[in-house]
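S.K.: Pasting input.cif below, which is mmCIF, C-alpha atoms.
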data_target
#
loop_
_atom_site.label_atom_id
_atom_site.label_comp_id
_atom_site.auth_asym_id
_atom_site.auth_seq_id
_atom_site.Cartn_x
_atom_site.Cartn_y
_atom_site.Cartn_z
CA MET A 1 0.00 0.00 0.00
CA SER A 2 1.19 3.48 -0.78
CA HIS A 3 0.79 6.44 1.53
CA PHE A 4 2.66 9.66 0.89
CA ARG A 5 3.35 12.73 2.95
CA ASP A 6 3.73 16.08 1.28
CA SER A 7 6.71 17.90 2.78
CA ASN A 8 6.19 21.07 0.72
CA THR A 9 3.36 22.44 2.84
CA SER A 10 3.39 23.78 6.36
CA THR A 11 0.74 21.22 7.36
CA LYS A 12 1.73 17.77 6.21
CA SER A 13 -0.96 15.85 4.34
CA LYS A 14 -1.33 12.13 3.88
CA PHE A 15 -2.86 10.69 0.75
CA SER A 16 -3.29 7.33 -0.95
CA LEU A 17 -3.16 6.28 -4.61
CA VAL A 18 -6.08 4.42 -6.16
CA GLY A 19 -6.25 2.87 -9.63
CA HIS A 20 -9.23 4.51 -11.41
CA ARG A 21 -10.91 1.61 -13.25
CA GLY A 22 -7.53 -0.03 -12.93
CA ALA A 23 -4.53 1.08 -14.99
CA ASN A 24 -6.89 2.03 -17.79
CA ARG A 25 -4.34 3.79 -19.98
CA GLU A 26 -2.48 0.48 -20.30
CA ALA A 27 -5.37 -1.99 -20.55
CA PRO A 28 -9.16 -1.90 -21.10
CA GLU A 29 -10.81 -0.08 -18.20
CA ASN A 30 -12.58 -2.16 -15.56
CA SER A 31 -10.97 -5.36 -16.86
CA LEU A 32 -8.93 -7.99 -15.05
CA SER A 33 -5.96 -6.93 -17.17
CA ALA A 34 -6.30 -3.30 -16.05
CA PHE A 35 -6.61 -4.29 -12.39
CA ARG A 36 -3.66 -6.67 -12.53
CA LYS A 37 -1.59 -3.98 -14.24
CA ALA A 38 -2.51 -1.47 -11.55
CA LEU A 39 -1.43 -3.88 -8.84
CA GLU A 40 2.07 -3.95 -10.28
CA SER A 41 2.49 -0.56 -8.58
CA PRO A 42 2.35 -0.22 -4.77
CA ILE A 43 -1.06 1.43 -4.78
CA PHE A 44 -3.58 1.65 -1.93
CA GLY A 45 -6.68 0.48 -3.79
CA ILE A 46 -8.71 -0.14 -6.94
CA GLU A 47 -11.84 1.74 -8.06
CA PHE A 48 -14.42 0.09 -10.32
CA ASP A 49 -18.00 0.54 -11.54
CA VAL A 50 -20.89 -1.89 -11.12
CA GLN A 51 -24.03 -2.26 -13.24
CA LEU A 52 -26.78 -4.89 -13.43
CA THR A 53 -27.51 -7.26 -16.31
CA LYS A 54 -30.99 -8.21 -17.49
CA ASP A 55 -30.86 -11.35 -15.34
CA GLU A 56 -29.68 -9.40 -12.28
CA ILE A 57 -25.96 -10.24 -12.32
CA PRO A 58 -23.70 -7.36 -11.16
CA ILE A 59 -20.91 -6.80 -13.69
CA ILE A 60 -18.02 -4.34 -13.90
CA TYR A 61 -18.63 -1.64 -16.50
CA HIS A 62 -18.68 2.17 -16.62
CA ASP A 63 -20.35 3.55 -19.74
CA ARG A 64 -24.03 4.32 -20.26
CA THR A 65 -24.15 2.00 -23.29
CA LEU A 66 -22.20 -1.02 -24.56
CA LYS A 67 -21.47 0.50 -27.97
CA LYS A 68 -17.70 0.00 -27.71
CA ILE A 69 -18.25 -3.66 -26.81
CA THR A 70 -21.26 -4.75 -28.89
CA GLY A 71 -21.41 -1.99 -31.49
CA LEU A 72 -24.98 -1.19 -30.38
CA ARG A 73 -26.24 1.63 -28.19
CA LYS A 74 -27.86 -0.77 -25.75
CA ARG A 75 -27.33 -0.77 -22.01
CA VAL A 76 -26.02 -3.48 -19.72
CA GLY A 77 -29.57 -4.14 -18.56
CA ASP A 78 -30.63 -5.07 -22.09
CA TYR A 79 -28.42 -8.19 -22.04
CA THR A 80 -28.20 -11.32 -19.92
CA TYR A 81 -24.85 -12.19 -18.40
CA LYS A 82 -24.56 -15.18 -20.75
CA GLU A 83 -25.13 -12.92 -23.76
CA LEU A 84 -22.46 -10.49 -22.58
CA GLN A 85 -20.00 -13.35 -22.13
CA GLY A 86 -20.26 -13.91 -25.88
CA TYR A 87 -18.61 -10.57 -26.65
CA ASP A 88 -14.95 -9.60 -26.70
CA TRP A 89 -14.32 -6.97 -23.99
CA GLY A 90 -10.75 -6.10 -24.93
CA ARG A 91 -10.61 -5.79 -28.70
CA TYR A 92 -11.89 -2.19 -28.71
CA PHE A 93 -8.80 -1.17 -26.74
CA SER A 94 -6.22 -3.04 -28.81
CA ASP A 95 -5.61 -6.41 -30.44
CA GLN A 96 -3.30 -7.21 -27.52
CA PHE A 97 -6.37 -7.64 -25.32
CA ARG A 98 -8.54 -9.70 -27.65
CA GLY A 99 -10.50 -12.25 -25.67
CA GLU A 100 -10.84 -10.16 -22.50
CA PRO A 101 -13.93 -11.56 -20.73
CA CYS A 102 -16.98 -9.82 -19.31
CA LEU A 103 -16.09 -9.35 -15.66
CA SER A 104 -18.66 -10.10 -12.97
CA LEU A 105 -18.53 -8.68 -9.46
CA GLU A 106 -18.16 -12.24 -8.18
CA THR A 107 -15.01 -12.79 -10.24
CA LEU A 108 -13.57 -9.41 -9.32
CA LEU A 109 -14.00 -10.10 -5.61
CA GLN A 110 -12.34 -13.49 -6.03
CA GLU A 111 -9.43 -11.84 -7.85
CA LEU A 112 -8.84 -8.75 -5.70
CA SER A 113 -10.06 -9.52 -2.18
CA GLY A 114 -7.15 -9.43 0.24
CA LYS A 115 -4.80 -7.90 -2.34
CA THR A 116 -5.89 -4.28 -2.18
CA LYS A 117 -8.59 -1.93 -0.90
CA LEU A 118 -11.76 -1.76 -2.98
CA PHE A 119 -13.65 1.36 -4.06
CA LEU A 120 -16.97 0.20 -5.54
CA GLU A 121 -18.96 2.76 -7.51
CA ILE A 122 -22.66 2.03 -7.97
CA LYS A 123 -23.84 3.35 -11.34
CA SER A 124 -27.31 4.81 -10.93
CA ARG A 125 -29.37 7.01 -13.21
CA LYS A 126 -32.65 8.79 -12.55
CA LYS A 127 -34.62 6.39 -14.74
CA ASP A 128 -33.18 3.36 -12.94
CA ARG A 129 -33.93 4.72 -9.47
CA LYS A 130 -37.49 5.61 -10.49
CA SER A 131 -38.07 2.08 -11.81
CA GLY A 132 -36.45 0.47 -8.75
CA ARG A 133 -33.63 -1.02 -10.78
CA SER A 134 -30.96 0.95 -8.90
CA GLN A 135 -32.26 -0.37 -5.59
CA LEU A 136 -32.22 -3.88 -7.04
CA LEU A 137 -28.59 -3.38 -8.06
CA VAL A 138 -27.70 -2.40 -4.49
CA GLN A 139 -29.43 -5.49 -3.15
CA ARG A 140 -27.64 -7.79 -5.60
CA ILE A 141 -24.31 -6.19 -4.76
CA PHE A 142 -24.83 -6.89 -1.07
CA ASP A 143 -26.04 -10.41 -1.83
CA GLN A 144 -22.67 -10.99 -3.51
CA LEU A 145 -20.71 -9.27 -0.77
CA ASP A 146 -22.44 -11.35 1.90
CA GLU A 147 -21.42 -14.52 0.06
CA GLN A 148 -17.78 -13.57 -0.35
CA PHE A 149 -16.85 -11.04 2.33
CA SER A 150 -16.24 -11.35 6.04
CA GLN A 151 -17.42 -8.54 8.31
CA PRO A 152 -13.90 -7.02 8.61
CA GLN A 153 -13.60 -6.99 4.81
CA LEU A 154 -16.99 -5.32 4.48
CA GLU A 155 -15.94 -2.63 6.93
CA GLU A 156 -12.92 -1.80 4.77
CA LEU A 157 -14.99 -1.48 1.58
CA LYS A 158 -15.70 1.99 0.22
CA ILE A 159 -18.92 2.44 -1.75
CA LEU A 160 -19.27 5.43 -4.08
CA SER A 161 -22.21 6.87 -6.01
CA PHE A 162 -23.46 10.11 -7.52
CA ASP A 163 -26.91 9.13 -6.24
CA LEU A 164 -27.17 10.38 -2.66
CA GLU A 165 -30.56 8.80 -2.06
CA LEU A 166 -29.26 5.44 -3.25
CA LEU A 167 -26.44 5.67 -0.72
CA ARG A 168 -29.05 6.31 1.98
CA PHE A 169 -30.93 3.25 0.74
CA ALA A 170 -27.73 1.18 0.92
CA THR A 171 -27.19 2.10 4.57
CA GLY A 172 -30.56 0.50 5.29
CA ILE A 173 -29.05 -2.78 4.07
CA SER A 174 -25.65 -2.39 5.70
CA VAL A 175 -23.91 0.33 7.66
CA ALA A 176 -20.59 -1.55 7.58
CA PRO A 177 -19.01 -0.08 4.40
CA LYS A 178 -17.76 3.48 4.11
CA TYR A 179 -20.08 5.54 1.86
CA PHE A 180 -18.82 8.34 -0.40
CA TRP A 181 -21.01 10.76 -2.32
CA ASN A 182 -19.58 11.74 -5.71
CA ILE A 183 -20.46 15.30 -6.68
CA ASP A 184 -19.58 17.20 -9.87
CA LEU A 185 -19.88 20.69 -8.35
CA PRO A 186 -19.08 20.39 -4.65
CA GLU A 187 -20.12 23.83 -3.43
CA ASN A 188 -23.40 23.97 -5.36
CA ALA A 189 -24.44 20.48 -4.31
CA LEU A 190 -23.55 20.97 -0.66
CA ALA A 191 -25.17 24.40 -0.49
CA GLN A 192 -28.44 22.86 -1.68
CA THR A 193 -28.28 19.96 0.74
CA LYS A 194 -29.20 21.08 4.24
CA GLU A 195 -30.02 17.60 5.47
CA ASN A 196 -27.72 15.53 7.66
CA LEU A 197 -24.80 13.98 5.78
CA ASP A 198 -23.13 12.43 8.81
CA PHE A 199 -23.84 8.94 7.48
CA LEU A 200 -21.25 9.62 4.76
CA SER A 201 -17.61 8.76 5.27
CA GLY A 202 -16.62 11.22 2.60
CA PHE A 203 -17.02 12.86 -0.78
CA GLY A 204 -15.66 12.43 -4.28
CA ALA A 205 -15.04 15.29 -6.70
CA PRO A 206 -13.38 15.73 -10.11
CA ILE A 207 -9.94 17.25 -9.81
CA LYS A 208 -11.06 20.24 -11.90
CA THR A 209 -13.78 21.18 -9.40
CA LEU A 210 -12.08 20.05 -6.20
CA SER A 211 -11.94 22.91 -3.72
CA PRO A 212 -10.13 23.51 -0.43
CA GLU A 213 -13.51 24.45 1.09
CA LEU A 214 -14.89 20.97 0.40
CA VAL A 215 -11.82 19.29 1.90
CA GLU A 216 -11.82 21.57 4.95
CA MET A 217 -15.52 20.96 5.55
CA ALA A 218 -15.08 17.18 5.22
CA HIS A 219 -12.03 17.03 7.45
CA ALA A 220 -13.76 19.16 10.08
CA ASN A 221 -16.50 16.51 10.14
CA LYS A 222 -13.94 13.67 10.22
CA GLN A 223 -14.80 12.72 6.65
CA GLU A 224 -12.45 12.09 3.72
CA VAL A 225 -12.21 13.31 0.13
CA LEU A 226 -11.24 11.45 -3.00
CA THR A 227 -10.52 13.14 -6.32
CA TYR A 228 -10.21 11.93 -9.91
CA ALA A 229 -8.44 11.54 -12.19
CA CYS A 230 -4.90 12.69 -11.37
CA ASN A 231 -3.09 11.95 -14.63
CA LEU A 232 -0.94 15.06 -15.09
CA PRO A 233 1.54 16.89 -12.87
CA TYR A 234 -0.68 19.94 -12.35
CA GLN A 235 -3.58 17.67 -11.33
CA ALA A 236 -1.45 15.85 -8.79
CA GLN A 237 -0.17 19.16 -7.42
CA ARG A 238 -3.73 20.51 -7.13
CA ALA A 239 -4.78 17.42 -5.16
CA ILE A 240 -1.77 17.81 -2.87
CA GLU A 241 -2.37 21.54 -2.38
CA PHE A 242 -6.01 20.99 -1.45
CA LYS A 243 -5.12 18.01 0.80
CA ALA A 244 -7.36 15.36 -0.74
CA ASP A 245 -7.12 11.95 0.93
CA TYR A 246 -7.33 9.66 -2.11
CA PHE A 247 -5.91 10.33 -5.56
CA LEU A 248 -7.65 8.28 -8.24
CA THR A 249 -5.55 7.89 -11.37
CA ASP A 250 -5.74 6.18 -14.75
CA LYS A 251 -1.94 5.86 -14.64
CA PRO A 252 -0.95 4.35 -11.26
CA ALA A 253 2.64 3.57 -12.24
CA TRP A 254 3.24 7.10 -13.54
CA LEU A 255 1.65 8.81 -10.54
CA TYR A 256 3.59 6.66 -8.09
CA ARG A 257 6.88 7.57 -9.82
CA TYR A 258 5.93 11.23 -10.03
CA LEU A 259 5.06 11.49 -6.35
CA GLN A 260 8.33 9.84 -5.38
#
Please re-express this file's structure in structure tokens.

M.R.:
Amino acid sequence: MSHFRDSNTSTKSKFSLVGHRGANREAPENSLSAFRKALESPIFGIEFDVQLTKDEIPIIYHDRTLKKITGLRKRVGDYTYKELQGYDWGRYFSDQFRGEPCLSLETLLQELSGKTKLFLEIKSRKKDRKSGRSQLLVQRIFDQLDEQFSQPQLEELKILSFDLELLRFATGISVAPKYFWNIDLPENALAQTKENLDFLSGFGAPIKTLSPELVEMAHANKQEVLTYACNLPYQAQRAIEFKADYFLTDKPAWLYRYLQ
């Protein structure tokens, strides 16, 4: 695991490196190859995205549609897991990764549990929450976690989402994981939210909108802040200056070397 201390500020800050969808500049994002590549660097954790197939299997995928995989603008929920297994999940990235399989949450947990910390992002859209599909995804995720995780492992898990209400729903199933609310515009979102956010362990924000005010507010409440994606020197320096706790990066090996 990698923790760094910034010696260039009067108040030292500690931060940890996390592979954003794995090492996705070197291998197809959210694939076993990308995660294995990320683990070649001494990183703290791996971030990944979870969606639900037509037959209610949680799989690891980020985009709104599967166009880059299937060639069609259909969503994960339009396919069964068996159908998705029939596609090549690496060819779009390069011929080197032809044959990359569709990755289920079950397989990911088998592969990564005990090797690194896990940052699980629940993909939820307004339509899915209205239909109840987002809530079903949360339930299926916890069904899988209950099968494969011990209580101490569950307590180390960090669950992320842009859907604040879905995070509240998840706490009704389990309060063990650490919940992080991803927000595009930190100040606007927080200014509009007067309700209690103490159930959150932290916040996530894009590096371009990360602000010292968000970090100070979180730290004052004993919460943490993650930021993404730190892929360039100025982005890493901004994250250091604002004292974020977790630096998500598409290039773990580069960021580790840079921060050394």

S.K.: For each of A:Gln148, A:Phe180, A:Tyr92, A:Gly45, take the minimum atom-to-atom distance to Lys68 in chain A, counting all atoms listed in the file, then give the residue where this is smallest.

M.R.: A:Tyr92

S.K.: Which of these, A:Thr80, A:Thr171, A:Asn30, A:Gln139, has the shortest distance to Pro101 in chain A once you count all atoms listed in the file?

M.R.: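 Checking each of A:Thr80, A:Thr171, A:Asn30, A:Gln139 against Pro101 in chain A, counting all atoms listed in the file, the winner is A:Asn30.
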
S.K.: Written as an MDAnalysis selection string, what is the full residue list that the PyMOL selection byres ((chain A and resi 232) around 12) yields on the file shown?

M.R.: chainID A and resid 207:208 228:231 233:239 247:252 254:256 258:259

S.K.: If we count all atoms listed in the file and set the cut-off at 12 Å, which residues sit around range 60-66 of chain A, ignoring sequence neighbours fewer than 2 positions away in its own chain? Please answer as a ChimeraX atom specification.

M.R.: /A:20-22,24,28-32,34-35,47-53,57-58,68-79,81,84,87-89,92,101-109,120-125,128,141

S.K.: My list of candidates is A:Glu155, A:Glu100, A:Glu83, A:Asp163. Which is closest to Phe203 in chain A when distances are computed with only C-alpha atoms?

M.R.: A:Asp163

S.K.: Translate the PyMOL selection byres ((chain A and resi 212) around 12), as applied to the file shown, into an explicit residue set as a PyMOL selection string.

M.R.: chain A and resi 186-187+205+207-211+213-220+225+227+238-244

S.K.: Could you list, as JSON, numbers by chain, every residue matched by the PyMOL selection byres ((chain A and resi 156-160) around 8) in this structure?

M.R.: {"A": [117, 118, 119, 120, 121, 122, 152, 153, 154, 155, 161, 162, 167, 177, 178, 179, 180, 181, 182, 204]}

S.K.: Under the rule that only C-alpha atoms are counted, which of A:Phe169, A:Arg36, A:Phe44, A:Gln192 is the nearest residue to Gly132 in chain A?

M.R.: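 When distances to Gly132 in chain A are compared using only C-alpha atoms, the smallest one comes from A:Phe169.
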
S.K.: Taking only C-alpha atoms into account, which of A:Gln96, A:Ser201, A:Gln110, A:Asn221 comes nearest Ala27 in chain A?

M.R.: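 Smallest separation from Ala27 in chain A among the options: A:Gln96.
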
S.K.: To one decimal in Å, tell me the separation between CA of Glu165 in chain A and CA of Asp143 in chain A.

M.R.: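 So the two atoms, CA of Glu165 in chain A and CA of Asp143 in chain A, lie 19.7 Å apart.
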